[in-house]
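Novice: This is the content of protein.cif (mmCIF, C-alpha atoms and all ligand atoms):
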data_model
#
loop_
_atom_site.label_atom_id
_atom_site.label_comp_id
_atom_site.auth_asym_id
_atom_site.auth_seq_id
_atom_site.Cartn_x
_atom_site.Cartn_y
_atom_site.Cartn_z
CA MET N 1 -32.83 2.02 -12.16
CA GLU N 2 -32.07 -1.66 -11.77
CA LYS N 3 -28.68 -3.02 -10.73
CA VAL N 4 -26.43 -3.86 -13.67
CA THR N 5 -25.55 -7.56 -13.81
CA LEU N 6 -23.61 -9.83 -16.15
CA ILE N 7 -27.00 -11.05 -17.44
CA SER N 8 -28.35 -7.53 -18.08
CA LEU N 9 -25.18 -6.71 -20.05
CA ARG N 10 -25.68 -9.79 -22.25
CA GLN N 11 -29.34 -8.75 -22.75
CA ALA N 12 -28.22 -5.24 -23.70
CA LYS N 13 -26.25 -6.75 -26.60
CA GLN N 14 -29.21 -8.90 -27.68
CA ARG N 15 -31.55 -5.88 -27.54
CA ARG N 16 -28.99 -3.56 -29.16
CA ARG N 17 -28.98 -1.17 -26.23
CA GLY N 18 -25.58 0.55 -26.08
CA ILE N 19 -23.50 -0.18 -22.95
CA SER N 20 -21.58 2.68 -21.28
CA MET N 21 -18.38 2.22 -19.28
CA LEU N 22 -16.26 4.97 -17.67
CA THR N 23 -13.26 4.97 -15.36
CA ALA N 24 -13.18 6.16 -11.76
CA PHE N 25 -10.28 6.32 -9.34
CA ASP N 26 -11.93 7.92 -6.32
CA HIS N 27 -15.18 8.03 -4.34
CA PRO N 28 -16.72 11.32 -5.64
CA MET N 29 -16.19 10.47 -9.31
CA ALA N 30 -17.58 6.97 -8.76
CA ALA N 31 -20.70 8.45 -7.15
CA ILE N 32 -21.19 10.91 -10.04
CA LEU N 33 -20.88 8.14 -12.65
CA ASP N 34 -23.12 5.75 -10.75
CA SER N 35 -25.90 8.25 -10.07
CA SER N 36 -25.75 9.41 -13.71
CA GLY N 37 -26.60 5.88 -14.82
CA VAL N 38 -23.37 4.52 -16.32
CA ASP N 39 -23.52 0.72 -16.73
CA ILE N 40 -19.94 -0.17 -15.77
CA VAL N 41 -17.47 1.71 -13.59
CA LEU N 42 -13.90 0.66 -14.35
CA VAL N 43 -10.97 1.15 -12.01
CA GLY N 44 -8.59 0.99 -14.95
CA ASP N 45 -4.84 0.81 -14.65
CA SER N 46 -4.89 4.10 -16.60
CA LEU N 47 -4.95 5.18 -12.94
CA GLY N 48 -1.13 5.16 -13.27
CA ASN N 49 -0.65 7.75 -16.00
CA VAL N 50 -3.92 9.66 -15.54
CA ALA N 51 -4.00 10.15 -11.77
CA LEU N 52 -0.76 8.95 -10.16
CA GLY N 53 1.75 10.67 -12.44
CA TYR N 54 3.42 7.42 -13.58
CA LYS N 55 4.95 7.28 -17.08
CA SER N 56 3.15 4.07 -17.97
CA THR N 57 0.50 1.68 -16.72
CA ARG N 58 3.32 -0.83 -16.19
CA SER N 59 4.25 0.89 -12.94
CA VAL N 60 0.80 0.35 -11.42
CA THR N 61 0.91 -2.09 -8.49
CA MET N 62 -1.70 -4.32 -6.89
CA ALA N 63 -1.50 -2.07 -3.81
CA ASP N 64 -2.47 0.93 -6.01
CA MET N 65 -5.39 -0.98 -7.52
CA VAL N 66 -6.69 -2.26 -4.18
CA HIS N 67 -6.45 1.20 -2.58
CA HIS N 68 -8.39 2.92 -5.39
CA THR N 69 -10.89 0.09 -5.85
CA LYS N 70 -11.84 0.43 -2.16
CA ALA N 71 -12.48 4.17 -2.61
CA VAL N 72 -14.50 3.68 -5.82
CA ALA N 73 -16.56 0.84 -4.32
CA LYS N 74 -17.90 3.26 -1.70
CA GLY N 75 -19.53 5.33 -4.47
CA VAL N 76 -20.96 2.54 -6.66
CA LYS N 77 -24.42 1.16 -5.95
CA ARG N 78 -26.05 0.35 -9.29
CA ALA N 79 -23.26 -0.02 -11.85
CA LEU N 80 -21.09 -3.11 -12.26
CA LEU N 81 -17.67 -2.40 -10.73
CA VAL N 82 -14.73 -3.82 -12.70
CA ALA N 83 -11.06 -3.43 -11.73
CA ASP N 84 -7.97 -4.02 -13.87
CA LEU N 85 -5.38 -6.62 -12.99
CA PRO N 86 -2.20 -4.61 -13.55
CA TYR N 87 0.98 -5.60 -15.43
CA ARG N 88 2.45 -8.96 -14.34
CA SER N 89 -0.26 -9.38 -11.69
CA VAL N 90 -2.64 -11.79 -13.38
CA SER N 91 -3.40 -14.52 -10.84
CA VAL N 92 -6.40 -15.95 -8.99
CA LYS N 93 -4.97 -14.63 -5.71
CA ASN N 94 -4.77 -11.05 -7.03
CA ALA N 95 -8.20 -11.24 -8.66
CA ARG N 96 -9.59 -12.25 -5.25
CA LEU N 97 -7.84 -9.24 -3.64
CA LEU N 98 -9.68 -6.92 -6.06
CA LEU N 99 -13.01 -8.62 -5.29
CA ARG N 100 -12.33 -8.22 -1.58
CA ALA N 101 -11.68 -4.50 -2.23
CA GLY N 102 -15.18 -4.21 -3.71
CA ALA N 103 -14.85 -5.07 -7.42
CA GLN N 104 -17.43 -7.44 -8.91
CA ALA N 105 -15.25 -8.46 -11.84
CA VAL N 106 -11.68 -8.05 -13.12
CA LYS N 107 -10.37 -6.99 -16.52
CA ILE N 108 -7.32 -8.67 -18.07
CA GLU N 109 -5.30 -7.51 -21.10
CA GLY N 110 -4.71 -10.34 -23.60
CA LEU N 111 -5.42 -14.06 -23.28
CA LYS N 112 -3.03 -15.25 -20.59
CA GLY N 113 -4.54 -16.35 -17.28
CA VAL N 114 -8.15 -15.64 -18.28
CA ARG N 115 -9.42 -19.24 -18.28
CA GLN N 116 -7.86 -20.01 -14.89
CA ILE N 117 -9.47 -16.97 -13.25
CA VAL N 118 -12.88 -17.69 -14.79
CA ARG N 119 -12.59 -21.29 -13.53
CA ALA N 120 -12.03 -19.93 -10.03
CA GLY N 121 -15.53 -18.40 -10.30
CA ILE N 122 -14.39 -14.82 -10.86
CA PRO N 123 -16.12 -12.80 -13.62
CA VAL N 124 -13.56 -11.62 -16.20
CA MET N 125 -13.77 -8.91 -18.86
CA GLY N 126 -11.29 -9.47 -21.70
CA HIS N 127 -9.27 -6.69 -23.36
CA LEU N 128 -7.95 -6.99 -26.94
CA GLY N 129 -6.45 -4.64 -29.54
CA TYR N 130 -3.94 -2.09 -28.36
CA LEU N 131 -2.66 -3.41 -25.01
CA PRO N 132 -0.89 -0.62 -23.09
CA GLN N 133 0.72 -3.08 -20.62
CA THR N 134 2.70 -4.90 -23.31
CA MET N 135 2.73 -2.76 -26.49
CA LYS N 136 4.89 0.31 -26.78
CA LYS N 137 3.16 2.98 -28.84
CA PRO N 138 -0.62 3.46 -29.17
CA LYS N 139 -1.43 2.22 -32.68
CA VAL N 140 -4.61 1.15 -34.48
CA GLN N 141 -4.74 -2.67 -34.50
CA ARG N 142 -5.72 -4.31 -37.80
CA SER N 143 -4.80 -7.99 -37.43
CA GLY N 144 -7.57 -10.43 -38.40
CA ASP N 145 -6.19 -12.71 -35.61
CA LEU N 146 -8.19 -10.56 -33.21
CA ILE N 147 -11.40 -12.30 -34.35
CA GLU N 148 -9.99 -15.69 -33.31
CA GLN N 149 -8.66 -14.22 -30.06
CA ALA N 150 -12.11 -12.80 -29.25
CA ARG N 151 -13.65 -16.25 -29.86
CA GLU N 152 -10.98 -17.77 -27.61
CA LEU N 153 -11.85 -15.32 -24.84
CA GLU N 154 -15.53 -16.09 -25.27
CA SER N 155 -14.88 -19.82 -24.97
CA ALA N 156 -12.74 -19.16 -21.89
CA GLY N 157 -15.85 -17.61 -20.32
CA VAL N 158 -15.38 -13.81 -20.32
CA PHE N 159 -18.60 -11.82 -19.92
CA ALA N 160 -17.50 -8.93 -22.18
CA ILE N 161 -14.48 -7.78 -24.21
CA THR N 162 -12.95 -4.30 -24.34
CA LEU N 163 -11.63 -3.48 -27.83
CA GLU N 164 -8.99 -0.75 -27.68
CA MET N 165 -7.95 1.05 -30.88
CA VAL N 166 -9.21 -1.72 -33.17
CA GLU N 167 -9.81 -0.66 -36.77
CA PRO N 168 -13.59 0.05 -36.85
CA SER N 169 -14.63 -2.47 -39.55
CA LEU N 170 -12.59 -5.19 -37.78
CA ALA N 171 -14.23 -4.19 -34.44
CA ALA N 172 -17.63 -4.60 -36.16
CA GLN N 173 -16.64 -8.11 -37.36
CA ILE N 174 -15.48 -9.08 -33.86
CA THR N 175 -18.75 -7.75 -32.41
CA SER N 176 -20.73 -10.00 -34.80
CA ALA N 177 -18.46 -13.00 -34.18
CA VAL N 178 -19.07 -13.24 -30.41
CA ARG N 179 -22.21 -13.38 -28.24
CA VAL N 180 -20.63 -11.47 -25.36
CA PRO N 181 -20.76 -7.66 -25.57
CA THR N 182 -17.80 -5.74 -27.00
CA ILE N 183 -16.98 -2.36 -25.50
CA GLY N 184 -14.92 -0.12 -27.73
CA ILE N 185 -12.46 2.67 -27.10
CA GLY N 186 -11.18 4.34 -30.25
CA SER N 187 -12.66 1.38 -32.19
CA GLY N 188 -15.58 3.02 -34.00
CA LYS N 189 -19.28 2.94 -33.35
CA TYR N 190 -20.10 -0.68 -34.25
CA CYS N 191 -19.29 -2.13 -30.83
CA ASP N 192 -21.95 -3.07 -28.27
CA GLY N 193 -20.80 -0.30 -25.97
CA GLN N 194 -18.27 2.46 -25.51
CA VAL N 195 -15.67 3.18 -22.82
CA LEU N 196 -13.58 6.26 -22.12
CA VAL N 197 -11.19 7.42 -19.45
CA THR N 198 -13.44 9.87 -17.57
CA TYR N 199 -10.70 12.51 -17.24
CA ASP N 200 -10.45 12.50 -21.07
CA LEU N 201 -14.23 12.82 -21.43
CA LEU N 202 -14.30 15.78 -19.04
CA GLY N 203 -11.24 17.56 -20.47
CA LEU N 204 -9.27 17.02 -17.25
CA SER N 205 -6.39 14.90 -18.55
CA LEU N 206 -2.97 16.47 -19.10
CA TRP N 207 -2.79 14.38 -22.31
CA SER N 208 -5.50 12.46 -24.10
CA PRO N 209 -5.61 10.32 -27.28
CA GLY N 210 -6.67 11.90 -30.59
CA PHE N 211 -9.91 9.90 -30.90
CA VAL N 212 -11.40 11.50 -27.75
CA ARG N 213 -14.02 14.23 -28.17
CA PRO N 214 -14.26 15.80 -24.68
CA LYS N 215 -17.75 16.79 -23.52
CA ALA N 216 -16.48 19.38 -21.00
CA ASP N 217 -13.44 21.56 -20.35
CA LEU N 218 -12.89 21.01 -16.64
CA LYS N 219 -9.13 21.67 -16.75
CA ASN N 220 -9.71 25.30 -17.76
CA ALA N 221 -12.75 25.61 -15.49
CA ALA N 222 -10.59 24.45 -12.57
CA ALA N 223 -7.78 26.87 -13.47
CA ARG N 224 -10.29 29.75 -13.64
CA ALA N 225 -11.74 28.84 -10.22
CA VAL N 226 -8.26 28.58 -8.68
CA LYS N 227 -7.25 31.99 -10.14
CA ALA N 228 -10.47 33.55 -8.80
CA PHE N 229 -9.68 32.14 -5.36
CA ILE N 230 -6.11 33.49 -5.51
CA ARG N 231 -7.39 36.94 -6.51
CA GLU N 232 -9.92 36.97 -3.67
CA SER N 233 -7.24 35.86 -1.22
CA ASN N 234 -5.02 38.86 -2.02
O1 LIG W 1 -7.12 1.34 -17.92
C1 LIG W 1 -8.09 1.79 -18.54
O2 LIG W 1 -8.61 2.89 -18.27
C2 LIG W 1 -8.64 0.96 -19.60
C3 LIG W 1 -9.56 1.64 -20.56
C4 LIG W 1 -8.75 2.47 -21.48
C5 LIG W 1 -10.39 0.67 -21.28
O3 LIG W 1 -8.32 -0.18 -19.72
#
Represent the structure contained in this file as structure tokens.
Specialist:
Amino acid sequence: MEKVTLISLRQAKQRRRGISMLTAFDHPMAAILDSSGVDIVLVGDSLGNVALGYKSTRSVTMADMVHHTKAVAKGVKRALLVADLPYRSVSVKNARLLLRAGAQAVKIEGLKGVRQIVRAGIPVMGHLGYLPQTMKKPKVQRSGDLIEQARELESAGVFAITLEMVEPSLAAQITSAVRVPTIGIGSGKYCDGQVLVTYDLLGLSLWSPGFVRPKADLKNAAARAVKAFIRESN
């Protein structure tokens, strides 16, 4: 399988081939995703609540992101590796730190700072809709302003846009309004690709959003294996 590039992602949209993106926070998971053929591996700041036990993604630091991006980079060969710039960390300097840790692109929630980072030659994925870093409760986003915001991101030079919890018919309109691929999470099927938090997909998360349909039940499988080990140890 060929290496995923910014160009091949744009071609995927033109050819209507669905793009897949999943999160990884460590080396083994990154290797599983990469060898399974996922297009984009995301070191998301969901790292905070999913893997580090933080209450919110707002507590995630640049040090956390650099540490986990380094681990994930060791397992990614074919996929494009994208890392989130965490809350209040959007700057060219921090984007460069993530690239040095092994990311090939950064993802930024909202519009602020995007143009400056693209101008510095760093590939940026946009993120619109529900923005966990700045919005309190997860809620489906219905504002028509999102179409204009997506156009703004496209003109700023992003190579793709994540749409989180955008009302599906609005997500479809945004997808038609821009030439860069849209990658939806809880935003219906009319996006150019789909993204999930891998722990949610595998049934490993302690909590996951209502729109997720897990494809495995690894939490219970793990508990059963641990109980079997305890029994055999007695
Ligand atoms: O942090 C994350 O995992 C994300 C996805 C939910 C898109 O941004």
Novice: Write out as a list in words each polymer residue (protein, DNA or RNA) that has an atom no more than 6 Å from ligand LIG 1 (chain W), with only C-alpha atoms and all ligand atoms counted.
Specialist: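 Residues satisfying the distance criterion: Thr23, Gly44, Asp45, Ser46 and Val197 of chain N.
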Novice: Which residue is closest to Leu204 of chain N? Choose from N:Val226, N:Ile183, N:Leu6, N:Ala51 and count only C-alpha atoms.
Specialist: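 Counting only C-alpha atoms, the residue closest to Leu204 of chain N is N:Ala51.
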Novice: Residues of segment 59-121 of chain N that have any atom at most 6 Å from an atom of segment 125-143 of chain N: could you tabulate them with the shortest-distance atom pair and the distance in Å to one decimal, using all atoms listed in the file, ordered by chain and increasing number, as JSON lines?
Specialist:
{"residue": "N:Tyr87", "atom": "CA", "partner": "N:Gln133", "partner_atom": "CA", "distance": 5.8}
{"residue": "N:Lys107", "atom": "CA", "partner": "N:Met125", "partner_atom": "CA", "distance": 4.6}
{"residue": "N:Ile108", "atom": "CA", "partner": "N:Gly126", "partner_atom": "CA", "distance": 5.4}
{"residue": "N:Glu109", "atom": "CA", "partner": "N:His127", "partner_atom": "CA", "distance": 4.6}
{"residue": "N:Gly110", "atom": "CA", "partner": "N:Leu128", "partner_atom": "CA", "distance": 5.7}
Novice: Gly75 of chain N: which residues within 7 Å, counting all atoms listed in the file, same-chain residues fewer than 6 positions away excluded, as an NGL selection string?
Specialist: :N and (27-28 or 30-31)
Novice: Hey, can you check how far atom CA of Val180 of chain N sits from atom CA of Ser91 of chain N?
Specialist: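 We find that atom CA of Val180 of chain N and atom CA of Ser91 of chain N lie 22.7 Å from each other.
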Novice: Can you measure atom CA of Gly210 of chain N to atom CA of Leu52 of chain N for me? One decimal in Å is fine.
Specialist: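 Spanning atom CA of Gly210 of chain N to atom CA of Leu52 of chain N is a straight-line distance of 21.5 Å.
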Novice: To one decimal in Å, tell me the separation between atom CA of Ser35 of chain N and atom CA of Leu47 of chain N.
Specialist: 21.4 Å
Novice: As a PyMOL selection string, please: the residues near Val76 of chain N (cut-off 12 Å, all atoms listed in the file, same-chain neighbours under 6 positions excluded).
Specialist: chain N and resi 3-4+23-43+69-70+82+102-104
Novice: Please provide the set of residues having any atom within 10 Å of Val90 of chain N, restricted to only C-alpha atoms, with same-chain residues fewer than 6 positions apart removed, written as a ChimeraX atom specification.
Specialist: /N:62,84,106-109,112-114,116-117
Novice: Using all atoms of segment 6-14 of chain N that appear in the file, construct an axis-aligned enclosing box with 5 Å of padding on every side and provide its centre coordinates and edge lengths in Å, rounded to one decimal, as JSON.
Specialist:
{"center_x": -26.5, "center_y": -8.1, "center_z": -21.9, "size_x": 15.7, "size_y": 15.8, "size_z": 21.5}
Novice: So which one's closest to Met165 of chain N, N:Lys77, N:Asp64, N:Val212, N:Leu22? Using only C-alpha atoms, please.
Specialist: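 For Met165 of chain N, the nearest of the candidates is N:Val212.
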Novice: Between N:Val50, N:Ala79, N:Ile19, N:Val124, which one has atoms that come closest to Gly184 of chain N, using only C-alpha atoms?
Specialist: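 Looking only at the distances to Gly184 of chain N, the closest residue turns out to be N:Ile19.
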Novice: Around (-17.4, -18.0, -15.6) in the file's own coordinates, what residues are found within 8 Å if you use all atoms listed in the file, given back as a PyMOL selection string?
Specialist: chain N and resi 118-124+156-159
Novice: In terms of the shortest atom-to-atom distance over only C-alpha atoms, which of N:Asp192, N:Asp217, N:Glu154, N:Glu232 is closest to Val178 of chain N?
Specialist: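 Using only C-alpha atoms, Val178 of chain N sits closest to N:Glu154.
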Novice: Can you tell me which residues surround Lys189 of chain N at a distance of at most 12 Å, considering all atoms listed in the file, apart from same-chain residues fewer than 2 positions away, and format the answer as a count of residues only?
Specialist: 24
Novice: Given the choices N:Lys74, N:Leu80, N:Lys93, N:Met21, which gets closest to Leu196 of chain N if the distance is worked out from only C-alpha atoms?
Specialist: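 Using only C-alpha atoms, Leu196 of chain N sits closest to N:Met21.
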Novice: Reconstruct all heavy atoms of segment 132-143 of chain N from the incomplete input and present them as an mmCIF file, in the frame of the given file.
Specialist:
data_model
loop_
_atom_site.group_PDB
_atom_site.id
_atom_site.type_symbol
_atom_site.label_atom_id
_atom_site.label_comp_id
_atom_site.auth_asym_id
_atom_site.auth_seq_id
_atom_site.Cartn_x
_atom_site.Cartn_y
_atom_site.Cartn_z
ATOM 1 N N PRO N 132 -1.911 -1.530 -23.620
ATOM 2 C CA PRO N 132 -0.890 -0.620 -23.090
ATOM 3 C C PRO N 132 0.143 -1.311 -22.177
ATOM 4 O O PRO N 132 1.275 -0.853 -22.080
ATOM 5 C CB PRO N 132 -1.703 0.405 -22.281
ATOM 6 C CG PRO N 132 -3.073 0.342 -22.844
ATOM 7 C CD PRO N 132 -3.270 -1.058 -23.311
ATOM 8 N N GLN N 133 -0.239 -2.434 -21.528
ATOM 9 C CA GLN N 133 0.720 -3.080 -20.620
ATOM 10 C C GLN N 133 1.885 -3.726 -21.358
ATOM 11 O O GLN N 133 2.972 -3.863 -20.805
ATOM 12 C CB GLN N 133 0.015 -4.157 -19.782
ATOM 13 C CG GLN N 133 -0.954 -3.588 -18.744
ATOM 14 C CD GLN N 133 -1.704 -4.670 -17.973
ATOM 15 O OE1 GLN N 133 -1.423 -5.865 -18.116
ATOM 16 N NE2 GLN N 133 -2.665 -4.267 -17.170
ATOM 17 N N THR N 134 1.649 -4.140 -22.617
ATOM 18 C CA THR N 134 2.700 -4.900 -23.310
ATOM 19 C C THR N 134 3.113 -4.321 -24.664
ATOM 20 O O THR N 134 4.099 -4.762 -25.250
ATOM 21 C CB THR N 134 2.261 -6.368 -23.515
ATOM 22 O OG1 THR N 134 0.924 -6.356 -24.018
ATOM 23 C CG2 THR N 134 2.324 -7.160 -22.231
ATOM 24 N N MET N 135 2.365 -3.340 -25.189
ATOM 25 C CA MET N 135 2.730 -2.760 -26.490
ATOM 26 C C MET N 135 3.248 -1.350 -26.259
ATOM 27 O O MET N 135 2.720 -0.633 -25.408
ATOM 28 C CB MET N 135 1.513 -2.713 -27.417
ATOM 29 C CG MET N 135 0.983 -4.076 -27.772
ATOM 30 S SD MET N 135 -0.503 -3.917 -28.819
ATOM 31 C CE MET N 135 -0.969 -5.628 -29.001
ATOM 32 N N LYS N 136 4.257 -0.985 -27.066
ATOM 33 C CA LYS N 136 4.890 0.310 -26.780
ATOM 34 C C LYS N 136 4.016 1.496 -27.141
ATOM 35 O O LYS N 136 3.501 2.180 -26.271
ATOM 36 C CB LYS N 136 6.247 0.374 -27.472
ATOM 37 C CG LYS N 136 7.294 -0.379 -26.672
ATOM 38 C CD LYS N 136 8.664 0.256 -26.763
ATOM 39 C CE LYS N 136 9.586 -0.384 -25.729
ATOM 40 N NZ LYS N 136 10.629 -1.194 -26.358
ATOM 41 N N LYS N 137 3.869 1.754 -28.448
ATOM 42 C CA LYS N 137 3.160 2.980 -28.840
ATOM 43 C C LYS N 137 1.697 2.720 -29.150
ATOM 44 O O LYS N 137 1.385 1.719 -29.805
ATOM 45 C CB LYS N 137 3.817 3.564 -30.091
ATOM 46 C CG LYS N 137 5.048 4.359 -29.784
ATOM 47 C CD LYS N 137 5.385 5.264 -30.952
ATOM 48 C CE LYS N 137 6.566 6.124 -30.607
ATOM 49 N NZ LYS N 137 7.431 6.388 -31.726
ATOM 50 N N PRO N 138 0.777 3.635 -28.773
ATOM 51 C CA PRO N 138 -0.620 3.460 -29.170
ATOM 52 C C PRO N 138 -0.743 3.442 -30.689
ATOM 53 O O PRO N 138 -0.235 4.346 -31.356
ATOM 54 C CB PRO N 138 -1.322 4.698 -28.595
ATOM 55 C CG PRO N 138 -0.379 5.298 -27.619
ATOM 56 C CD PRO N 138 0.993 4.851 -27.991
ATOM 57 N N LYS N 139 -1.334 2.378 -31.221
ATOM 58 C CA LYS N 139 -1.430 2.220 -32.680
ATOM 59 C C LYS N 139 -2.706 1.450 -33.005
ATOM 60 O O LYS N 139 -3.038 0.496 -32.291
ATOM 61 C CB LYS N 139 -0.207 1.416 -33.143
ATOM 62 C CG LYS N 139 0.117 1.550 -34.595
ATOM 63 C CD LYS N 139 1.472 0.946 -34.885
ATOM 64 C CE LYS N 139 1.338 0.049 -36.089
ATOM 65 N NZ LYS N 139 2.186 -1.101 -36.128
ATOM 66 N N VAL N 140 -3.395 1.863 -34.077
ATOM 67 C CA VAL N 140 -4.610 1.150 -34.480
ATOM 68 C C VAL N 140 -4.252 -0.291 -34.843
ATOM 69 O O VAL N 140 -3.304 -0.538 -35.593
ATOM 70 C CB VAL N 140 -5.300 1.859 -35.665
ATOM 71 C CG1 VAL N 140 -6.506 1.057 -36.155
ATOM 72 C CG2 VAL N 140 -5.727 3.270 -35.267
ATOM 73 N N GLN N 141 -5.014 -1.244 -34.301
ATOM 74 C CA GLN N 141 -4.740 -2.670 -34.500
ATOM 75 C C GLN N 141 -5.629 -3.216 -35.622
ATOM 76 O O GLN N 141 -6.843 -3.006 -35.600
ATOM 77 C CB GLN N 141 -4.994 -3.450 -33.209
ATOM 78 C CG GLN N 141 -4.218 -2.934 -32.014
ATOM 79 C CD GLN N 141 -2.718 -3.082 -32.156
ATOM 80 O OE1 GLN N 141 -2.221 -4.185 -32.432
ATOM 81 N NE2 GLN N 141 -1.995 -1.988 -31.992
ATOM 82 N N ARG N 142 -4.993 -3.888 -36.603
ATOM 83 C CA ARG N 142 -5.720 -4.310 -37.800
ATOM 84 C C ARG N 142 -5.656 -5.819 -38.040
ATOM 85 O O ARG N 142 -6.178 -6.306 -39.039
ATOM 86 C CB ARG N 142 -5.131 -3.620 -39.043
ATOM 87 C CG ARG N 142 -5.168 -2.117 -38.948
ATOM 88 C CD ARG N 142 -4.391 -1.454 -40.094
ATOM 89 N NE ARG N 142 -4.289 -0.035 -39.836
ATOM 90 C CZ ARG N 142 -5.255 0.846 -40.062
ATOM 91 N NH1 ARG N 142 -6.387 0.444 -40.606
ATOM 92 N NH2 ARG N 142 -5.096 2.116 -39.759
ATOM 93 N N SER N 143 -5.004 -6.573 -37.151
ATOM 94 C CA SER N 143 -4.800 -7.990 -37.430
ATOM 95 C C SER N 143 -6.099 -8.795 -37.318
ATOM 96 O O SER N 143 -6.793 -8.738 -36.286
ATOM 97 C CB SER N 143 -3.761 -8.563 -36.457
ATOM 98 O OG SER N 143 -3.836 -9.961 -36.497
#
